[in-house]
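Asks: Just dropping this structure here.
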Amino acid sequence: MITFPNKIAVGSAHSKLILIGEHSVVYGKPAIALPFPTLHVESIVEGISKSMIMFDCRYYVGLLDQVPNNLAGIAACIKETLKYLEQPAKGLKIRIHSSIPIGRGLGSSAASAIAIVKSLYKYFEQNLTKDTLMELVEVAETYAHGNPSGIDMAAASSDHSIWFEKDQEVKHLHIDTPFHLVVVDTGRIGNTREAVGAIRETFKIAPKMISQSIDLLGQLAHQAKAALVEGETKQLGNIMNAAQTELVKLGVSDKGIDQLVDIARKAGALGAKLTGGGRGGCIIALAKDLNHVKQLEEAFLAGEASQTWHFTAGESPS
Ligand code: MEV
């Protein structure tokens, strides 16, 4: 391999929010996800004259070959990317700077993998197609989620709101009437792999109950799409509340999430639900307008929330 000491290439990606359809999307139902550019990640690849790859992120600094288990998917993704690029696994330092908290249902693992693959392709000055990007990111996602639907990587690599169905072409969803969400962090790490696995296990003993909720979540995704197209924000809130009811039945909410949802409703949110895998992580609350965003944020921070972000969906370019 030709090494280029001091040569640097940067790749970036943003966070995502699932508006509706988490978990049911694993069972082939549609879901709606939004890019969440407030939180993002950068991967910086640098040439070093050493016969190894160094990795540097919030949780680990050292040899790529010795990363802890929670980074095994990222390490596998890096190695697979170098294989695709026909480059040996050495002579590189990869640094990750991320503002996306991990395990909060905000797509941290997908966004990191996207940024890394992009930075490696840039470093070796090769064109990267969307299909190749998705193939390589899926390596990391499979470690993180077991059997991911692909929604996280589709949303974290999209500049637009998306209508997502497993194994189908991702569709851009136009949002003409902007709406305001407050993203609220429980401060607790959720384990998507475990949450997905728990539903699968319950399905074995109570297939009817699980199927009913999954089917209903699928219908709610269609209703949410119609509400977005028609600019029916109130209706969207009702749909979010109905989705949360089903997610509770599926067993992926928890006490902390329920408390935040309760705060949201008492503070007048049009709707509130968990976002992502659940069992920890974040909720999203739909505000009446921009002034209401502030009130909601105050209510959350006075309650159980560890942090909040405001996000307006439907503004250019989404
Ligand atoms: C995680 O962000 C979304 C889930 O539906 C899992 C998946 O789709 O792979 C819970």
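Every chain in the structure tokens has a letter given in the order shown (A, B, ...), and although residue numbers restart at 1 in each chain, ligands are simply numbered from 1 in the order shown.
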Go through the chains and note each residue within 7 Å of ligand 1, using only C-alpha atoms and all ligand atoms, then give the set as a list in words.
Replies: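 Residues satisfying the distance criterion: Ile18, Gly21, Glu22, His23, Ser24, Val25, Val26, Gly105, Leu106, Gly107, His145, Asn147, Pro148, Ser149, Gly150, Ile151, Asp152, Thr192, Val196, Gly276 and Gly277 of chain A.
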Asks: Which residues of segment 89-193 of chain A come within 6 Å of segment 70-84 of chain A, and what is each one's closest atom pair and distance in Å (one decimal), counting only C-alpha atoms, sorted by chain and residue number, as JSON lines?
Replies:
{"residue": "A:Val139", "atom": "CA", "partner": "A:Cys77", "partner_atom": "CA", "distance": 5.4}
{"residue": "A:Ala140", "atom": "CA", "partner": "A:Gly73", "partner_atom": "CA", "distance": 4.1}
{"residue": "A:Tyr143", "atom": "CA", "partner": "A:Gly73", "partner_atom": "CA", "distance": 4.9}
Asks: Kindly provide the residues of segment 31-80 of chain A that approach segment 86-100 of chain A to within 8 Å, each paired with its closest atom pair and their distance in Å to one decimal, based on only C-alpha atoms, listed by chain and increasing number, as a tab-separated table.
Replies:
residue	atom	partner	partner_atom	distance
A:Leu39	CA	A:Ile100	CA	5.3
A:His40	CA	A:Ser99	CA	5.6
A:Val41	CA	A:Ser98	CA	4.1
A:Glu42	CA	A:His97	CA	5.2
A:Ser43	CA	A:Ile96	CA	4.6
A:Ile44	CA	A:Arg95	CA	5.1
A:Val45	CA	A:Ile94	CA	4.6
A:Glu46	CA	A:Lys93	CA	5.1
A:Gly47	CA	A:Leu92	CA	4.8
A:Ile48	CA	A:Gly91	CA	4.9
A:Ser49	CA	A:Gly91	CA	5.5
A:Lys50	CA	A:Gly91	CA	5.1
A:Ser51	CA	A:Lys90	CA	4.9
A:Met52	CA	A:Lys90	CA	4.1
A:Ile53	CA	A:Leu92	CA	4.9
A:Met54	CA	A:Lys93	CA	4.5
A:Phe55	CA	A:Ile94	CA	5.0
A:Asp56	CA	A:Arg95	CA	4.6
A:Cys57	CA	A:Ile96	CA	4.9
A:Arg58	CA	A:His97	CA	7.6
A:Lys79	CA	A:Ala89	CA	6.5
Asks: Considering only C-alpha atoms, can you say which of A:Glu135, A:Asp176, A:Glu298, A:Glu125 comes closest to Val229 of chain A?
Replies: A:Asp176
Asks: Of the candidates A:Val293, A:Ile214, A:Val117, A:Leu301, which shows the shortest atom-to-atom distance to Gly28 of chain A, using only C-alpha atoms?
Replies: A:Ile214
Asks: One decimal, Å: what's the distance from atom CA of Lys273 of chain A over to atom CA of Trp309 of chain A, could you say?
Replies: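 Value for the atom CA of Lys273 of chain A-atom CA of Trp309 of chain A distance: 15.1 Å.
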Asks: Taking into account only C-alpha atoms, which residue in the set A:Ile263, A:Met134, A:Val184, A:Ala272 is nearest to Gln307 of chain A?
Replies: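 Checking each candidate against Gln307 of chain A, we get A:Val184 as the closest.
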Asks: With DSSP run on the backbone, what are the strand (DSSP E or B) residues within segment 21-249 of chain A? I'd like them as a ChimeraX atom specification.
Replies: /A:31-47,53-56,61-63,92-98,162-164,171-172,179-185
Asks: Given the selection you just returned, output its residues as a file containing C-alpha atoms, formatted as a CSV table (one decimal), in the first residue's frame.
Replies:
chain,number,residue,atom,x,y,z
A,31,ALA,CA,-42.0,3.6,8.9
A,32,ILE,CA,-41.3,7.3,8.7
A,33,ALA,CA,-37.9,8.7,9.7
A,34,LEU,CA,-36.3,12.1,9.7
A,35,PRO,CA,-32.7,13.3,9.4
A,36,PHE,CA,-31.7,15.0,12.6
A,37,PRO,CA,-28.7,17.2,11.7
A,38,THR,CA,-28.4,18.9,15.1
A,39,LEU,CA,-26.4,15.9,16.2
A,40,HIS,CA,-23.7,14.6,13.9
A,41,VAL,CA,-20.5,12.7,13.6
A,42,GLU,CA,-17.2,13.2,11.8
A,43,SER,CA,-14.6,10.6,10.9
A,44,ILE,CA,-11.1,11.8,10.2
A,45,VAL,CA,-8.7,9.4,8.5
A,46,GLU,CA,-5.0,10.2,8.6
A,47,GLY,CA,-2.1,8.4,7.1
A,53,ILE,CA,-4.7,1.0,12.3
A,54,MET,CA,-5.2,3.2,15.2
A,55,PHE,CA,-8.7,4.1,16.4
A,56,ASP,CA,-9.7,7.0,18.5
A,61,VAL,CA,-8.1,4.9,22.0
A,62,GLY,CA,-5.8,2.2,20.7
A,63,LEU,CA,-5.3,-0.5,18.1
A,92,LEU,CA,-4.1,4.7,9.1
A,93,LYS,CA,-5.4,6.5,12.1
A,94,ILE,CA,-9.2,6.9,12.3
A,95,ARG,CA,-10.6,9.5,14.7
A,96,ILE,CA,-14.3,9.9,15.5
A,97,HIS,CA,-15.8,13.1,16.8
A,98,SER,CA,-19.5,12.7,17.6
A,162,ILE,CA,-38.1,9.1,4.4
A,163,TRP,CA,-40.9,6.6,4.0
A,164,PHE,CA,-39.1,3.3,4.7
A,171,LYS,CA,-38.9,7.0,-0.7
A,172,HIS,CA,-38.5,10.7,0.0
A,179,PHE,CA,-43.8,20.8,12.7
A,180,HIS,CA,-41.9,21.2,15.9
A,181,LEU,CA,-40.5,18.3,17.9
A,182,VAL,CA,-38.8,18.2,21.2
A,183,VAL,CA,-36.4,15.3,21.5
A,184,VAL,CA,-36.0,14.3,25.2
A,185,ASP,CA,-33.2,12.1,26.5
Asks: Write out as a ChimeraX atom specification all residues of segment 219-303 of chain A that DSSP puts in alpha helix (DSSP H) for this structure's backbone.
Replies: /A:219-230,233-249,255-266,290-302
Asks: Given only C-alpha atoms as the basis, pick out the residue of A:Lys225, A:His292, A:Arg265, A:Lys204 nearest to Pro30 of chain A.
Replies: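 Closest residue, counting only C-alpha atoms: A:Lys225.
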Asks: Tell me which protein, DNA and RNA residues are within 12 Å of Ala226 of chain A, counting only C-alpha atoms, leaving out same-chain ones fewer than 4 positions away, and put them as a PDB file with all heavy atoms, in the first residue's frame.
Replies:
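Result file is part-v7.pdb:
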ATOM      1  N   ILE A  32     -41.685   5.996   9.169  1.00  0.00           N
ATOM      2  CA  ILE A  32     -41.263   7.333   8.726  1.00  0.00           C
ATOM      3  C   ILE A  32     -40.105   7.782   9.612  1.00  0.00           C
ATOM      4  O   ILE A  32     -40.200   7.711  10.836  1.00  0.00           O
ATOM      5  CB  ILE A  32     -42.420   8.355   8.830  1.00  0.00           C
ATOM      6  CG1 ILE A  32     -43.576   7.926   7.905  1.00  0.00           C
ATOM      7  CG2 ILE A  32     -41.941   9.760   8.479  1.00  0.00           C
ATOM      8  CD1 ILE A  32     -44.850   8.744   8.069  1.00  0.00           C
ATOM      9  N   TRP A 163     -39.843   7.620   3.793  1.00  0.00           N
ATOM     10  CA  TRP A 163     -40.853   6.575   3.966  1.00  0.00           C
ATOM     11  C   TRP A 163     -40.096   5.289   3.719  1.00  0.00           C
ATOM     12  O   TRP A 163     -39.562   5.065   2.634  1.00  0.00           O
ATOM     13  CB  TRP A 163     -41.976   6.770   2.956  1.00  0.00           C
ATOM     14  CG  TRP A 163     -43.018   5.698   2.910  1.00  0.00           C
ATOM     15  CD1 TRP A 163     -43.124   4.703   1.984  1.00  0.00           C
ATOM     16  CD2 TRP A 163     -44.126   5.528   3.805  1.00  0.00           C
ATOM     17  NE1 TRP A 163     -44.224   3.923   2.259  1.00  0.00           N
ATOM     18  CE2 TRP A 163     -44.863   4.416   3.370  1.00  0.00           C
ATOM     19  CE3 TRP A 163     -44.559   6.216   4.937  1.00  0.00           C
ATOM     20  CZ2 TRP A 163     -46.013   3.962   4.011  1.00  0.00           C
ATOM     21  CZ3 TRP A 163     -45.705   5.763   5.574  1.00  0.00           C
ATOM     22  CH2 TRP A 163     -46.415   4.659   5.128  1.00  0.00           C
ATOM     23  N   LEU A 173     -40.083  11.587   1.534  1.00  0.00           N
ATOM     24  CA  LEU A 173     -41.411  12.006   1.963  1.00  0.00           C
ATOM     25  C   LEU A 173     -41.429  13.533   2.083  1.00  0.00           C
ATOM     26  O   LEU A 173     -40.674  14.095   2.882  1.00  0.00           O
ATOM     27  CB  LEU A 173     -41.710  11.355   3.321  1.00  0.00           C
ATOM     28  CG  LEU A 173     -43.120  11.465   3.821  1.00  0.00           C
ATOM     29  CD1 LEU A 173     -44.063  10.633   2.963  1.00  0.00           C
ATOM     30  CD2 LEU A 173     -43.191  10.948   5.254  1.00  0.00           C
ATOM     31  N   HIS A 174     -42.262  14.171   1.298  1.00  0.00           N
ATOM     32  CA  HIS A 174     -42.323  15.648   1.336  1.00  0.00           C
ATOM     33  C   HIS A 174     -43.158  16.099   2.528  1.00  0.00           C
ATOM     34  O   HIS A 174     -44.256  15.597   2.741  1.00  0.00           O
ATOM     35  CB  HIS A 174     -42.947  16.200   0.058  1.00  0.00           C
ATOM     36  CG  HIS A 174     -42.074  15.997  -1.130  1.00  0.00           C
ATOM     37  ND1 HIS A 174     -41.043  16.855  -1.460  1.00  0.00           N
ATOM     38  CD2 HIS A 174     -42.043  15.005  -2.036  1.00  0.00           C
ATOM     39  CE1 HIS A 174     -40.437  16.410  -2.528  1.00  0.00           C
ATOM     40  NE2 HIS A 174     -41.012  15.280  -2.902  1.00  0.00           N
ATOM     41  N   ILE A 175     -42.617  17.025   3.286  1.00  0.00           N
ATOM     42  CA  ILE A 175     -43.381  17.607   4.400  1.00  0.00           C
ATOM     43  C   ILE A 175     -43.542  19.086   4.089  1.00  0.00           C
ATOM     44  O   ILE A 175     -42.575  19.841   4.120  1.00  0.00           O
ATOM     45  CB  ILE A 175     -42.643  17.392   5.746  1.00  0.00           C
ATOM     46  CG1 ILE A 175     -42.494  15.894   6.033  1.00  0.00           C
ATOM     47  CG2 ILE A 175     -43.367  18.091   6.888  1.00  0.00           C
ATOM     48  CD1 ILE A 175     -41.653  15.564   7.244  1.00  0.00           C
ATOM     49  N   ASP A 176     -44.773  19.473   3.760  1.00  0.00           N
ATOM     50  CA  ASP A 176     -44.986  20.866   3.355  1.00  0.00           C
ATOM     51  C   ASP A 176     -45.240  21.779   4.547  1.00  0.00           C
ATOM     52  O   ASP A 176     -44.929  22.955   4.509  1.00  0.00           O
ATOM     53  CB  ASP A 176     -46.177  20.955   2.380  1.00  0.00           C
ATOM     54  CG  ASP A 176     -45.815  20.342   1.043  1.00  0.00           C
ATOM     55  OD1 ASP A 176     -44.616  20.409   0.682  1.00  0.00           O
ATOM     56  OD2 ASP A 176     -46.700  19.764   0.383  1.00  0.00           O
ATOM     57  N   GLN A 219     -50.610   0.469  10.226  1.00  0.00           N
ATOM     58  CA  GLN A 219     -51.718   1.351   9.796  1.00  0.00           C
ATOM     59  C   GLN A 219     -51.461   2.791  10.246  1.00  0.00           C
ATOM     60  O   GLN A 219     -51.741   3.747   9.525  1.00  0.00           O
ATOM     61  CB  GLN A 219     -53.040   0.869  10.392  1.00  0.00           C
ATOM     62  CG  GLN A 219     -53.543  -0.426   9.779  1.00  0.00           C
ATOM     63  CD  GLN A 219     -54.618  -1.079  10.645  1.00  0.00           C
ATOM     64  OE1 GLN A 219     -55.296  -0.423  11.418  1.00  0.00           O
ATOM     65  NE2 GLN A 219     -54.749  -2.383  10.513  1.00  0.00           N
ATOM     66  N   LEU A 220     -50.920   2.927  11.461  1.00  0.00           N
ATOM     67  CA  LEU A 220     -50.651   4.280  11.985  1.00  0.00           C
ATOM     68  C   LEU A 220     -49.598   4.998  11.142  1.00  0.00           C
ATOM     69  O   LEU A 220     -49.659   6.219  10.967  1.00  0.00           O
ATOM     70  CB  LEU A 220     -50.206   4.197  13.455  1.00  0.00           C
ATOM     71  CG  LEU A 220     -51.319   3.810  14.447  1.00  0.00           C
ATOM     72  CD1 LEU A 220     -50.731   3.481  15.817  1.00  0.00           C
ATOM     73  CD2 LEU A 220     -52.365   4.930  14.564  1.00  0.00           C
ATOM     74  N   ALA A 221     -48.636   4.239  10.607  1.00  0.00           N
ATOM     75  CA  ALA A 221     -47.623   4.867   9.738  1.00  0.00           C
ATOM     76  C   ALA A 221     -48.298   5.446   8.490  1.00  0.00           C
ATOM     77  O   ALA A 221     -47.997   6.577   8.072  1.00  0.00           O
ATOM     78  CB  ALA A 221     -46.550   3.852   9.350  1.00  0.00           C
ATOM     79  N   HIS A 222     -49.250   4.693   7.911  1.00  0.00           N
ATOM     80  CA  HIS A 222     -49.979   5.212   6.741  1.00  0.00           C
ATOM     81  C   HIS A 222     -50.776   6.456   7.118  1.00  0.00           C
ATOM     82  O   HIS A 222     -50.810   7.438   6.374  1.00  0.00           O
ATOM     83  CB  HIS A 222     -50.922   4.128   6.183  1.00  0.00           C
ATOM     84  CG  HIS A 222     -50.201   3.101   5.362  1.00  0.00           C
ATOM     85  ND1 HIS A 222     -49.795   3.330   4.069  1.00  0.00           N
ATOM     86  CD2 HIS A 222     -49.795   1.854   5.674  1.00  0.00           C
ATOM     87  CE1 HIS A 222     -49.177   2.254   3.603  1.00  0.00           C
ATOM     88  NE2 HIS A 222     -49.161   1.338   4.564  1.00  0.00           N
ATOM     89  N   GLU A 230     -51.263  16.299   4.487  1.00  0.00           N
ATOM     90  CA  GLU A 230     -52.354  17.275   4.623  1.00  0.00           C
ATOM     91  C   GLU A 230     -52.031  18.383   5.632  1.00  0.00           C
ATOM     92  O   GLU A 230     -52.848  19.287   5.848  1.00  0.00           O
ATOM     93  CB  GLU A 230     -53.642  16.544   5.048  1.00  0.00           C
ATOM     94  CG  GLU A 230     -54.246  15.745   3.891  1.00  0.00           C
ATOM     95  CD  GLU A 230     -55.055  14.558   4.375  1.00  0.00           C
ATOM     96  OE1 GLU A 230     -55.517  14.586   5.525  1.00  0.00           O
ATOM     97  OE2 GLU A 230     -55.204  13.592   3.602  1.00  0.00           O
ATOM     98  N   GLY A 231     -50.888  18.318   6.271  1.00  0.00           N
ATOM     99  CA  GLY A 231     -50.505  19.335   7.252  1.00  0.00           C
ATOM    100  C   GLY A 231     -51.368  19.294   8.496  1.00  0.00           C
ATOM    101  O   GLY A 231     -51.580  20.300   9.162  1.00  0.00           O
ATOM    102  N   GLU A 232     -51.887  18.107   8.837  1.00  0.00           N
ATOM    103  CA  GLU A 232     -52.777  17.934  10.000  1.00  0.00           C
ATOM    104  C   GLU A 232     -51.937  17.606  11.237  1.00  0.00           C
ATOM    105  O   GLU A 232     -51.804  16.449  11.645  1.00  0.00           O
ATOM    106  CB  GLU A 232     -53.762  16.787   9.734  1.00  0.00           C
ATOM    107  CG  GLU A 232     -54.778  17.069   8.654  1.00  0.00           C
ATOM    108  CD  GLU A 232     -55.842  18.066   9.116  1.00  0.00           C
ATOM    109  OE1 GLU A 232     -55.912  18.352  10.317  1.00  0.00           O
ATOM    110  OE2 GLU A 232     -56.578  18.554   8.259  1.00  0.00           O
ATOM    111  N   THR A 233     -51.372  18.647  11.835  1.00  0.00           N
ATOM    112  CA  THR A 233     -50.430  18.424  12.935  1.00  0.00           C
ATOM    113  C   THR A 233     -51.110  17.805  14.155  1.00  0.00           C
ATOM    114  O   THR A 233     -50.538  16.936  14.814  1.00  0.00           O
ATOM    115  CB  THR A 233     -49.738  19.756  13.304  1.00  0.00           C
ATOM    116  OG1 THR A 233     -49.256  20.331  12.086  1.00  0.00           O
ATOM    117  CG2 THR A 233     -48.563  19.553  14.229  1.00  0.00           C
ATOM    118  N   GLN A 235     -53.682  15.864  14.226  1.00  0.00           N
ATOM    119  CA  GLN A 235     -53.928  14.464  13.918  1.00  0.00           C
ATOM    120  C   GLN A 235     -52.630  13.655  14.057  1.00  0.00           C
ATOM    121  O   GLN A 235     -52.629  12.539  14.594  1.00  0.00           O
ATOM    122  CB  GLN A 235     -54.512  14.366  12.491  1.00  0.00           C
ATOM    123  CG  GLN A 235     -54.774  12.980  11.975  1.00  0.00           C
ATOM    124  CD  GLN A 235     -55.776  12.195  12.842  1.00  0.00           C
ATOM    125  OE1 GLN A 235     -56.351  12.708  13.810  1.00  0.00           O
ATOM    126  NE2 GLN A 235     -55.949  10.932  12.520  1.00  0.00           N
ATOM    127  N   LEU A 236     -51.531  14.256  13.619  1.00  0.00           N
ATOM    128  CA  LEU A 236     -50.232  13.584  13.746  1.00  0.00           C
ATOM    129  C   LEU A 236     -49.945  13.278  15.222  1.00  0.00           C
ATOM    130  O   LEU A 236     -49.476  12.187  15.573  1.00  0.00           O
ATOM    131  CB  LEU A 236     -49.120  14.463  13.153  1.00  0.00           C
ATOM    132  CG  LEU A 236     -47.699  13.901  13.254  1.00  0.00           C
ATOM    133  CD1 LEU A 236     -47.562  12.597  12.452  1.00  0.00           C
ATOM    134  CD2 LEU A 236     -46.667  14.918  12.752  1.00  0.00           C
ATOM    135  N   ILE A 239     -51.879  10.345  16.403  1.00  0.00           N
ATOM    136  CA  ILE A 239     -51.299   9.108  15.851  1.00  0.00           C
ATOM    137  C   ILE A 239     -50.055   8.706  16.651  1.00  0.00           C
ATOM    138  O   ILE A 239     -49.840   7.533  16.956  1.00  0.00           O
ATOM    139  CB  ILE A 239     -50.972   9.311  14.349  1.00  0.00           C
ATOM    140  CG1 ILE A 239     -52.269   9.520  13.555  1.00  0.00           C
ATOM    141  CG2 ILE A 239     -50.168   8.152  13.792  1.00  0.00           C
ATOM    142  CD1 ILE A 239     -52.079  10.114  12.170  1.00  0.00           C
TER     143      ILE A 239
END
Asks: Just the residues within 12 Å of Lys255 of chain A, please, counting only C-alpha atoms, with nothing from its chain fewer than 5 positions along; format it as an MDAnalysis selection string.
Replies: chainID A and resid 186 188 248 260:262 274 278:281 304
Asks: Keeping only C-alpha atoms, take the residues you just selected and write them out as a short mmCIF file (atom, residue, chain, number, x, y, z; two decimals), in the first residue's frame.
Replies:
data_model
loop_
_atom_site.label_atom_id
_atom_site.label_comp_id
_atom_site.auth_asym_id
_atom_site.auth_seq_id
_atom_site.Cartn_x
_atom_site.Cartn_y
_atom_site.Cartn_z
CA THR A 186 -33.99 9.76 29.38
CA ARG A 188 -30.32 5.96 29.94
CA VAL A 248 -46.06 -0.05 25.54
CA LEU A 260 -41.52 11.64 30.12
CA VAL A 261 -44.52 10.88 27.91
CA ASP A 262 -46.74 11.80 30.85
CA LEU A 274 -40.53 6.85 22.32
CA GLY A 278 -36.86 2.10 23.45
CA ARG A 279 -36.15 0.67 26.93
CA GLY A 280 -34.15 3.80 27.68
CA GLY A 281 -33.11 6.22 24.96
CA GLU A 304 -36.84 13.43 34.64
#
